[in-house]
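Note sheet for the following structure.
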Amino acid sequence: AQSVTQLGSHVSVSEGALVLLRCNYSSSVPPYLFWYVQYPNQGLQLLLKYTTGATLVKGINGFEAEFKKSETSFHLTKPSAHMSDAAEYFCAVTMDTGRRALTFGSGTRLQVQP
Amino acid sequence: EAQVTQNPRYLITVTGKKLTVTCSQNMNHEYMSWYRQDPGLGLRQIYYSMNVEVTDKGDVPEGYKVSRKEKRNFPLILESPSPNQTSLYFCASSVRDRVNSPLHFGNGTRLTVT
């Protein structure tokens, strides 16, 4: 079975500060990993994904994540937070090629203070 | 514009009154899925469909039905809604044959059952 743990349901940073959102997964086989972002009153949008190959993945809006197999982690970072980054972020994992089920973490709400 | 369209965005109903939430995508995607989002639980899969006339249960299917008579449409049916089905619902679609292809989400339907 696959599972995802996101540490911290709420994270608050100052504008211009580093953003670090944590995600750990459990998986019996190599996983496919995703970060999605949800802005208020909207659906989820893909930020970035890890499938195979390079472990440092760059996504949209300046975000990136690094797959660390030894730590079973896929933390999301951004060097400098912007007010427009305020949203809820979800880490997700899938291995099941059959039903394509993404297992989502419980989400982390990012607040950016001016 | 490529999109997943859900209707309605907001729905308030009473226990036992049958309702349908519609979902339509214009990307010719084979795969479609329904998720519910609850605070602290992330998103959980209700049902999914790999193609027309092919549907199967996700993690939390009790109390829900779906149908896939056409490729573009995947309605979610609650025959006898109960208060524990009060939630935010998302429809999503993707290309079937690539497990790492991103899900495209609708903007959500907020359902309240009293």
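Residue numbering restarts at 1 for every chain of the structure tokens, chains are lettered A, B, ... in their displayed order, and ligands are numbered from 1 as they appear.
What chain A places within 6 Å of chain B, counting only C-alpha atoms, is Gln42, Gly43, Leu44, Thr97, Phe104, Gly105, Ser106 and Gly107 of chain A.
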Report the closest atom pair, with its distance in Å rounded to one decimal, for each residue of segment 33-69 of chain B that has an atom no farther than 10 Å from segment 77-81 of chain B; count only C-alpha atoms, sort by chain and then rising residue number, and write it as CSV.
```
residue,atom,partner,partner_atom,distance
B:Glu62,CA,B:Leu78,CA,9.8
B:Gly63,CA,B:Leu78,CA,6.4
B:Tyr64,CA,B:Leu78,CA,5.1
B:Lys65,CA,B:Ile77,CA,4.9
B:Val66,CA,B:Ile77,CA,5.8
B:Ser67,CA,B:Ile77,CA,8.4
```
* Write out as JSON, numbers by chain which residues come within 7 Å of Ala92 of chain A when counting only C-alpha atoms, dropping same-chain ones fewer than 2 positions away. => {"A": [4, 33, 34, 35, 90, 94, 102, 103, 104, 105]}
Save out the residues we just selected, N, CA and C atoms, as a PDB file, in the first residue's frame.
```
ATOM      1  N   VAL A   4       1.070   8.824   2.048  1.00  0.00           N
ATOM      2  CA  VAL A   4       1.782  10.099   2.007  1.00  0.00           C
ATOM      3  C   VAL A   4       1.552  10.828   3.322  1.00  0.00           C
ATOM      4  N   LEU A  33       5.707  10.577  -8.020  1.00  0.00           N
ATOM      5  CA  LEU A  33       5.399  11.570  -6.999  1.00  0.00           C
ATOM      6  C   LEU A  33       4.991  12.887  -7.642  1.00  0.00           C
ATOM      7  N   PHE A  34       4.042  13.538  -7.012  1.00  0.00           N
ATOM      8  CA  PHE A  34       3.491  14.780  -7.555  1.00  0.00           C
ATOM      9  C   PHE A  34       3.315  15.803  -6.444  1.00  0.00           C
ATOM     10  N   TRP A  35       3.387  17.059  -6.817  1.00  0.00           N
ATOM     11  CA  TRP A  35       2.894  18.148  -5.990  1.00  0.00           C
ATOM     12  C   TRP A  35       1.827  18.892  -6.785  1.00  0.00           C
ATOM     13  N   PHE A  90      -0.638  19.984  -2.003  1.00  0.00           N
ATOM     14  CA  PHE A  90      -0.846  18.559  -1.767  1.00  0.00           C
ATOM     15  C   PHE A  90       0.262  17.754  -2.426  1.00  0.00           C
ATOM     16  N   THR A  94       1.592   7.715  -6.611  1.00  0.00           N
ATOM     17  CA  THR A  94       0.892   6.624  -7.251  1.00  0.00           C
ATOM     18  C   THR A  94       1.879   5.583  -7.719  1.00  0.00           C
ATOM     19  N   LEU A 102      -4.324   8.280  -7.318  1.00  0.00           N
ATOM     20  CA  LEU A 102      -3.374   9.075  -6.573  1.00  0.00           C
ATOM     21  C   LEU A 102      -3.736   9.000  -5.106  1.00  0.00           C
ATOM     22  N   THR A 103      -2.746   8.749  -4.275  1.00  0.00           N
ATOM     23  CA  THR A 103      -2.940   8.864  -2.831  1.00  0.00           C
ATOM     24  C   THR A 103      -2.403  10.220  -2.422  1.00  0.00           C
ATOM     25  N   PHE A 104      -3.283  11.039  -1.862  1.00  0.00           N
ATOM     26  CA  PHE A 104      -2.914  12.405  -1.498  1.00  0.00           C
ATOM     27  C   PHE A 104      -2.564  12.508  -0.025  1.00  0.00           C
ATOM     28  N   GLY A 105      -1.650  13.403   0.272  1.00  0.00           N
ATOM     29  CA  GLY A 105      -1.447  13.806   1.645  1.00  0.00           C
ATOM     30  C   GLY A 105      -2.598  14.683   2.098  1.00  0.00           C
TER      31      GLY A 105
END
```
* Asked: Which of chain B counts as strand (DSSP E or B) under DSSP, as a PyMOL selection string please?
  -> chain B and resi 4-7+10-13+19-25+31-38+42-51+54-57+65-66+73+76-78+87-94+104-105+109-113
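Nearest to Leu48 of chain A of all the residues A:Cys91, A:Val112, A:Ala81, A:Ala17 is A:Cys91, based on only C-alpha atoms.
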* Surrounding residues of segment 21-24 of chain A excluding itself and chain neighbours under 2 positions, 7 Å, only C-alpha atoms, as number ranges by chain -> A: 4-7, 19, 72-77, 91
For C-alpha atoms, I'd like the residues from the last selection saved as a tab-separated table (two decimals), in the first residue's frame.
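The new file part.tsv reads:
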```
chain	number	residue	atom	x	y	z
A	4	VAL	CA	1.78	10.10	2.01
A	5	THR	CA	2.50	12.19	5.08
A	6	GLN	CA	2.71	15.96	4.92
A	7	LEU	CA	4.26	17.47	8.04
A	19	VAL	CA	9.41	28.02	1.37
A	72	THR	CA	11.52	8.48	1.28
A	73	SER	CA	10.96	12.19	0.92
A	74	PHE	CA	9.85	14.61	-1.77
A	75	HIS	CA	9.98	18.03	-0.13
A	76	LEU	CA	8.82	21.11	-2.04
A	77	THR	CA	10.91	24.28	-1.97
A	91	CYS	CA	1.76	15.88	-2.18
```
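Between atom CA of Met27 of chain B and atom CA of Pro30 of chain A the separation is 29.0 Å.
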* **Of the listed residues B:Val52, B:Glu70, B:Pro61, B:Glu1, that which approaches Ser24 of chain B most closely, counting only C-alpha atoms** => B:Glu70
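With only C-alpha atoms as the atoms that count, the residue of B:Pro8, B:Thr22, B:Gly16, B:Leu111 with the shortest distance to Ser82 of chain B is B:Gly16.
The spacing separating atom CA of Ser87 of chain B from atom CA of Lys17 of chain B amounts to 16.1 Å.
Interatomic distance, atom CA of Thr86 of chain B to atom CA of Gln38 of chain A: 19.6 Å.
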